[in-house]
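Visitor: This structure is in structure tokens; I'll ask about it shortly.
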Amino acid sequence: MRRRLIWLAVALCLCCVAYMTIGVRGPLSFVIPFRGTKLAALILVGVSISTSTVLFQTVSQNRILTPSIMGFDALYVMILTGAVFFLGGMTVALVSAHLAFAVTACAMTLAALLLFSTLLQSVHNNLMRMILTGIVLGALFRALTDFMQRLIDPNEFSVIQGASFARFTQIETDLLLLASVVCGVAVVLAWRMRFALDVLTLGREAAVNLGLDLQRVQMQALILTAVLVAVSTALVGPVAFLGLLVVSLARLATPVERHGVIFISASLISAITLIGGQTVLERVFHLSTPLSVVIDLLGGALFLILLLKGQRR
Amino acid sequence: MIRWYWAGVLALALLSFLSIFVGVIDLSLRGLWRDPEALRLIGISRFPRTIAAVIAGATLAIAGCVMQMLVRNRFVEPMTAGTGQGAALGILIVTIFAPQASIFLKMVLASGTALVASLGFLEIVRRLPPTQPLLVPLVGLVYGGIIGAGVVFVAYQADLLQFISVWLNGEFSGVLRGRYELLWLAAAGAALTYFAADQFAIVGMGRAVTTSLGLNYKQVVLVGLVAISLISSLTVVTVGIIPFVGLVVPNIISRLFGDNLRQTLPLVAMMGAGLTLASDIAGRLIRFPFEVPVGTVLGVVGAVIFLRLLYRTPRYA
């Protein structure tokens with residue numbers, strides 16, 4: 001396992017080097033900070049998406065669920081839009097981006113806890129109904145967001161415009177520092193939960209038998225998921241299927257049930273996908289299509305395959 | 001039953017009346033006699049818009065009803081299960097390769113791709129186990145989402161993103177005289193399904209029952225799919241994707257009146273028309289001189305109703 005992780009790390013380094021060097025024009029003193037911040041943001045997003053997906057899959061005890069399929073990032077965009085809608089864009093723009101992020105992230109965590117902890121209870125009764133509920137909830141959040149955006153003054157609309165579309169080329173770098181601190185704390189907490197999560201993988205009954213405080217672990221994992229989704233959505237906007245794609249790949253690359261391994265390999269693969277994909281798409285093929293569309297296409301197909309395969313078994 | 005028909009007609013007439021008189025330019029009944037300008041406004045904009053909403057709503061509800069019978073699942077509808085996205089793909093392909101093509105050619109090709117997309121969906125559904133009824137709508141949503149992502153991908157490459165957003169989000173504000181008449185074709189198609197209503201109701205009972213009652217199963221399914229594809233592509237071409245009407249309305253009607261399609265199809269059509277028209281009027285009123293597109297209004301209303309349907313306790317299980 002260790003060797004595979006090292007190979008992945010090497011691949012990631014190669015991707016980073018490629019991202020930093022291919023097509024460089026102009027003075028290095030400009031290029032290095034310019035591309036460097038983007039690179040840092042991409043890594044940050046990759047880590048937070050993969051970690052949140054692993055957490056969510058373990059809590060829901062299901063391999064095809066991800067936070068964004070269940071409407072987490074749509075919820076975040078809705079809360080942000082709601083803040084502008086009810087408080088006015090000027091208020092939100094005047095308080096610093098950091099405070100706005102902190103407040104919306106907290107609101108997001110609360111809402112996600114309320115909504116999804118009740119939903120997760122019903123996983124065992126009817127998984128299909130729960131996924132369907134999540135997807136429809138996501139659609140509802142998006143429709144509500146669109147609805148509020150129509151009612152908002154066009155001038156105020158610019159405050160939230162960035163959050164509604166996934167884009168990896170223009171990243172809100174002023175949030176980067178705060179986001180990396182929040183994300184770092186969340187990832188460390190998730191890392192410290194890894195053994196409890198391993199026990200949870202054995203199944204609910206077994207976990208309770210082994211003395212795991214099920215409620216608490218679930219709550220903690222959900223909170224961390226909500227925070228991480230908020231971070232990644234605030235930085236680049238919603239990406240529907242990235243989490244599913246990279247975690248499935250990670251389970252193929254490192255087929256062990258230990259969270260200590262899965263967390264690392266999923267984060268590495270996620271960063272490789274984002275950075276490598278961005279490099280290839282932008283610099284090699286010169287495609288105008290954003291990476292998120294390609295990821296949605298691939299990830300959606302993978303989701304369909306997993307659904308159909310899971311049924312046949 | 002007859003009483004319900006009358007109630008539907010009455011409600012629809014009332015809504016149409018409202019729809020004609022709600023808008024940025026003030027109209028009053030009394031002014032109508034003296035003002036030729038007002039009549040012109042109604043003729044060019046308000047009346048076409050009302051008719052378009054009525055036809056689109058009614059035909060989409062019927063298409064949803066037929067699709068639910070063909071797939072034998074209560075939670076599918078053409079606009080989310082790939083047919084609508086397939087139609088958008090068709091229009092996109094025509095726009096890229098033959099920008100000069102007539103609207104008729106566009107429509108034919110869009111119907112073709114919509115048909116292929118729905119055949120693909122049916123083929124997937126056939127392989128799903130009957131023990132998991134909620135898997136079907138789930139697969140449908142993802143399937144539609146993938147085709148939609150494909151449309152966005154192609155549109156990005158061809159720099160047509162703004163162009164397709166017109167089809168992907170349903171809106172009636174662009175409807176004027178001379179720009180919605182294709183919808184009458186959809187109305188004709190939906191009316192034709194009424195003649196096959198009994199056949200669709202039987203197909204809804206399954207392949208074995210259908211065959212033993214002496215029907216050609218494949219033929220009925222194909223006719224149904226062609227009707228659905230035609231209706232969907234015409235709606236997408238003229239007003240864009242309108243979600244949830246085809247899903248919610250047949251469910252409610254079937255819960256109230258059962259599945260005798262020959263009796264219930266007119267009700268389905270009227271309720272679909274009423275729901276769409278009411279949403280359009282609401283969209284015009286909520287933020288008065290500006291408009292909220294009907295797709296957004298229905299997205300909110302429809303999703304809430306859908307969740308309710310999903311969590312209601314089944315009456316017969």
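Going through the structure tokens in order, the chains are called A, B, and so on, while each chain numbers its residues from 1 and the ligands are numbered from 1 in the order shown.
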Using only C-alpha atoms and a cut-off of 7 Å, which residues of chain B sit close to chain A? Please list them as a list in words.
Guide: Leu134, Leu135, Leu138, Val139, Val142, Ile146, Ala149, Gly150, Phe153, Tyr156, Gln157, Arg287, Val292, Thr296, Gly299, Val300, Ala303 and Leu307 of chain B
Visitor: Applying 10 Å and only C-alpha atoms, which residues near Lys106 (chain B) remain after dropping the ones on its own chain fewer than 6 positions away? List them as number ranges by chain.
Guide: B: 87, 90-95, 98-100, 112, 233-234, 237
Visitor: Work out how far apart CA of Val152 (chain B) and CA of Ala56 (chain B) are and give it in Å to one decimal.
Guide: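 Answer for the CA of Val152 (chain B) to CA of Ala56 (chain B) separation: 24.1 Å.
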Visitor: Which residues, written as a compact mmCIF listing (two decimals) with C-alpha atoms, in the first residue's frame, have at least one atom at most 12 Å from region 179-192 of chain B, with only C-alpha atoms counted and residues fewer than 3 positions away on the same chain left out?
Guide:
```txt
# COMPACT_ATOMS: atom_id res chain seq x y z
CA ILE B 44 -49.72 39.69 -30.74
CA SER B 45 -48.57 38.90 -27.23
CA PHE B 47 -53.22 35.57 -26.40
CA PRO B 48 -50.32 33.60 -27.95
CA ARG B 49 -48.65 33.45 -24.58
CA THR B 50 -51.74 32.11 -22.87
CA ILE B 51 -52.33 29.54 -25.59
CA ALA B 52 -48.68 28.48 -25.49
CA ALA B 53 -48.82 27.91 -21.73
CA VAL B 54 -52.07 25.96 -22.03
CA ILE B 55 -50.81 23.73 -24.83
CA ALA B 56 -47.36 23.17 -23.33
CA GLY B 57 -48.80 22.30 -19.91
CA ALA B 58 -51.51 20.02 -21.26
CA THR B 59 -49.29 18.14 -23.70
CA LEU B 60 -46.47 17.73 -21.20
CA ALA B 61 -48.85 16.32 -18.61
CA ILE B 62 -50.19 13.87 -21.21
CA ALA B 63 -46.67 12.92 -22.28
CA GLY B 64 -45.76 12.30 -18.65
CA CYS B 65 -48.86 10.18 -18.16
CA VAL B 66 -48.11 8.07 -21.24
CA ILE B 103 -37.32 25.30 -38.07
CA PHE B 104 -39.14 22.29 -39.43
CA LYS B 106 -34.71 21.35 -36.60
CA MET B 107 -37.85 19.96 -35.09
CA VAL B 108 -37.65 16.70 -37.04
CA SER B 111 -37.71 14.59 -32.31
CA PHE B 172 -42.96 32.00 -21.98
CA SER B 173 -41.84 35.60 -22.14
CA GLY B 174 -40.48 35.14 -25.66
CA VAL B 175 -43.77 33.85 -27.03
CA LEU B 176 -45.27 36.13 -29.67
CA PHE B 195 -57.47 7.53 -29.38
CA ALA B 196 -54.92 5.08 -28.09
CA ALA B 197 -55.71 5.84 -24.43
CA VAL B 223 -46.34 4.76 -30.82
CA GLY B 224 -46.24 6.07 -27.26
CA LEU B 225 -42.54 6.90 -27.46
CA VAL B 226 -42.98 8.71 -30.76
CA ALA B 227 -45.79 10.80 -29.24
CA ILE B 228 -43.69 11.61 -26.17
CA SER B 229 -40.65 12.55 -28.25
CA LEU B 230 -42.70 14.73 -30.58
CA ILE B 231 -44.35 16.58 -27.72
CA SER B 232 -41.09 17.03 -25.83
CA SER B 233 -39.08 18.26 -28.79
CA LEU B 234 -41.78 20.71 -29.87
CA THR B 235 -41.99 22.10 -26.37
CA VAL B 236 -38.21 22.39 -26.06
CA VAL B 237 -37.94 24.09 -29.46
CA THR B 238 -40.60 26.68 -28.70
CA VAL B 239 -40.46 27.37 -24.96
CA GLY B 240 -37.68 25.27 -23.40
CA ARG B 262 -59.91 7.33 -21.48
CA LEU B 265 -56.62 11.98 -19.83
CA PRO B 266 -58.78 15.10 -20.36
CA VAL B 268 -54.69 15.34 -16.83
CA ALA B 269 -54.49 17.73 -19.75
CA ALA B 273 -52.53 23.40 -18.48
```
Visitor: Using CA of Val209 (chain B) and CA of Pro137 (chain B) as the two end points, give the distance in Å to one decimal.
Guide: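 Atom-to-atom, CA of Val209 (chain B) to CA of Pro137 (chain B), that is 23.5 Å.
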Visitor: Mind pulling up the distance from CA of Val77 (chain A) to CA of Val280 (chain A)?
Guide: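 About the pair CA of Val280 (chain A) and CA of Val77 (chain A): they are 28.6 Å apart.
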Visitor: Run DSSP on the backbone and tell me which residues of region 87-144 of chain B come out as alpha helix (DSSP H); list them as number ranges by chain.
Guide: B: 87-97, 103-127, 135-144
Visitor: Can I get the selected residues back with N, CA and C atoms, as a tab-separated table (two decimals), in the first residue's frame?
Guide:
```tsv
chain	number	residue	atom	x	y	z
B	87	ALA	N	-33.80	16.12	-26.97
B	87	ALA	CA	-34.31	17.09	-27.94
B	87	ALA	C	-33.36	18.29	-28.03
B	88	ALA	N	-32.91	18.76	-26.86
B	88	ALA	CA	-31.98	19.90	-26.87
B	88	ALA	C	-30.70	19.55	-27.63
B	89	LEU	N	-30.22	18.30	-27.45
B	89	LEU	CA	-29.03	17.85	-28.17
B	89	LEU	C	-29.27	17.91	-29.67
B	90	GLY	N	-30.46	17.46	-30.10
B	90	GLY	CA	-30.79	17.48	-31.53
B	90	GLY	C	-30.74	18.90	-32.08
B	91	ILE	N	-31.38	19.83	-31.37
B	91	ILE	CA	-31.38	21.22	-31.85
B	91	ILE	C	-29.97	21.75	-31.93
B	92	LEU	N	-29.17	21.40	-30.92
B	92	LEU	CA	-27.79	21.88	-30.89
B	92	LEU	C	-27.02	21.36	-32.10
B	93	ILE	N	-27.20	20.08	-32.41
B	93	ILE	CA	-26.48	19.50	-33.55
B	93	ILE	C	-26.88	20.21	-34.84
B	94	VAL	N	-28.19	20.42	-35.04
B	94	VAL	CA	-28.62	21.12	-36.25
B	94	VAL	C	-28.01	22.52	-36.29
B	95	THR	N	-28.02	23.21	-35.14
B	95	THR	CA	-27.52	24.58	-35.13
B	95	THR	C	-26.06	24.65	-35.49
B	96	ILE	N	-25.30	23.62	-35.07
B	96	ILE	CA	-23.87	23.65	-35.36
B	96	ILE	C	-23.59	23.30	-36.82
B	97	PHE	N	-24.24	22.22	-37.30
B	97	PHE	CA	-23.87	21.72	-38.62
B	97	PHE	C	-24.66	22.37	-39.76
B	103	ILE	N	-36.87	25.71	-39.40
B	103	ILE	CA	-37.32	25.30	-38.07
B	103	ILE	C	-37.94	23.91	-38.13
B	104	PHE	N	-38.51	23.60	-39.29
B	104	PHE	CA	-39.14	22.29	-39.43
B	104	PHE	C	-38.10	21.18	-39.36
B	105	LEU	N	-36.99	21.39	-40.08
B	105	LEU	CA	-35.92	20.38	-40.06
B	105	LEU	C	-35.37	20.23	-38.65
B	106	LYS	N	-35.19	21.39	-37.98
B	106	LYS	CA	-34.71	21.35	-36.60
B	106	LYS	C	-35.60	20.46	-35.75
B	107	MET	N	-36.89	20.69	-35.92
B	107	MET	CA	-37.85	19.96	-35.09
B	107	MET	C	-37.80	18.47	-35.37
B	108	VAL	N	-37.69	18.12	-36.69
B	108	VAL	CA	-37.65	16.70	-37.04
B	108	VAL	C	-36.44	16.04	-36.41
B	109	LEU	N	-35.29	16.71	-36.51
B	109	LEU	CA	-34.08	16.10	-35.95
B	109	LEU	C	-34.15	16.04	-34.43
B	110	ALA	N	-34.70	17.09	-33.83
B	110	ALA	CA	-34.83	17.08	-32.37
B	110	ALA	C	-35.73	15.93	-31.93
B	111	SER	N	-36.83	15.71	-32.66
B	111	SER	CA	-37.71	14.59	-32.31
B	111	SER	C	-36.96	13.28	-32.44
B	112	GLY	N	-36.12	13.20	-33.50
B	112	GLY	CA	-35.35	11.98	-33.71
B	112	GLY	C	-34.43	11.69	-32.53
B	113	THR	N	-33.64	12.68	-32.13
B	113	THR	CA	-32.71	12.44	-31.02
B	113	THR	C	-33.48	12.20	-29.72
B	114	ALA	N	-34.61	12.89	-29.56
B	114	ALA	CA	-35.41	12.66	-28.36
B	114	ALA	C	-35.90	11.22	-28.33
B	115	LEU	N	-36.29	10.71	-29.50
B	115	LEU	CA	-36.77	9.33	-29.58
B	115	LEU	C	-35.65	8.36	-29.22
B	116	VAL	N	-34.46	8.62	-29.78
B	116	VAL	CA	-33.33	7.73	-29.49
B	116	VAL	C	-33.04	7.76	-27.98
B	117	ALA	N	-33.05	8.98	-27.39
B	117	ALA	CA	-32.76	9.09	-25.96
B	117	ALA	C	-33.79	8.32	-25.15
B	118	SER	N	-35.08	8.42	-25.52
B	118	SER	CA	-36.08	7.71	-24.72
B	118	SER	C	-36.01	6.21	-24.93
B	119	LEU	N	-35.67	5.78	-26.17
B	119	LEU	CA	-35.48	4.35	-26.39
B	119	LEU	C	-34.35	3.82	-25.51
B	120	GLY	N	-33.27	4.62	-25.43
B	120	GLY	CA	-32.16	4.22	-24.57
B	120	GLY	C	-32.60	4.09	-23.12
B	121	PHE	N	-33.40	5.04	-22.66
B	121	PHE	CA	-33.88	5.00	-21.27
B	121	PHE	C	-34.72	3.75	-21.04
B	122	LEU	N	-35.62	3.45	-22.00
B	122	LEU	CA	-36.48	2.28	-21.87
B	122	LEU	C	-35.66	1.00	-21.82
B	123	GLU	N	-34.59	1.01	-22.63
B	123	GLU	CA	-33.72	-0.17	-22.69
B	123	GLU	C	-33.04	-0.38	-21.33
B	124	ILE	N	-32.59	0.72	-20.71
B	124	ILE	CA	-31.97	0.58	-19.38
B	124	ILE	C	-33.00	0.11	-18.36
B	125	VAL	N	-34.19	0.71	-18.42
B	125	VAL	CA	-35.21	0.39	-17.43
B	125	VAL	C	-35.59	-1.09	-17.51
B	126	ARG	N	-35.59	-1.62	-18.74
B	126	ARG	CA	-35.97	-3.01	-18.92
B	126	ARG	C	-35.04	-3.95	-18.15
B	127	ARG	N	-33.80	-3.52	-17.97
B	127	ARG	CA	-32.83	-4.37	-17.28
B	127	ARG	C	-32.87	-4.22	-15.76
B	135	LEU	N	-35.58	2.98	-8.16
B	135	LEU	CA	-34.36	3.01	-8.94
B	135	LEU	C	-34.61	3.64	-10.31
B	136	VAL	N	-35.82	3.41	-10.84
B	136	VAL	CA	-36.13	3.88	-12.20
B	136	VAL	C	-36.05	5.41	-12.31
B	137	PRO	N	-36.74	6.16	-11.44
B	137	PRO	CA	-36.61	7.61	-11.56
B	137	PRO	C	-35.20	8.10	-11.29
B	138	LEU	N	-34.50	7.41	-10.39
B	138	LEU	CA	-33.13	7.80	-10.06
B	138	LEU	C	-32.25	7.67	-11.30
B	139	VAL	N	-32.33	6.50	-11.94
B	139	VAL	CA	-31.56	6.29	-13.16
B	139	VAL	C	-31.97	7.31	-14.21
B	140	GLY	N	-33.27	7.59	-14.29
B	140	GLY	CA	-33.76	8.56	-15.26
B	140	GLY	C	-33.15	9.93	-15.04
B	141	LEU	N	-33.12	10.37	-13.78
B	141	LEU	CA	-32.56	11.69	-13.47
B	141	LEU	C	-31.09	11.77	-13.84
B	142	VAL	N	-30.35	10.70	-13.50
B	142	VAL	CA	-28.91	10.73	-13.80
B	142	VAL	C	-28.70	10.67	-15.31
B	143	TYR	N	-29.48	9.81	-15.96
B	143	TYR	CA	-29.39	9.67	-17.42
B	143	TYR	C	-29.65	11.02	-18.10
B	144	GLY	N	-30.71	11.69	-17.68
B	144	GLY	CA	-31.00	13.02	-18.23
B	144	GLY	C	-29.89	14.00	-17.93
```
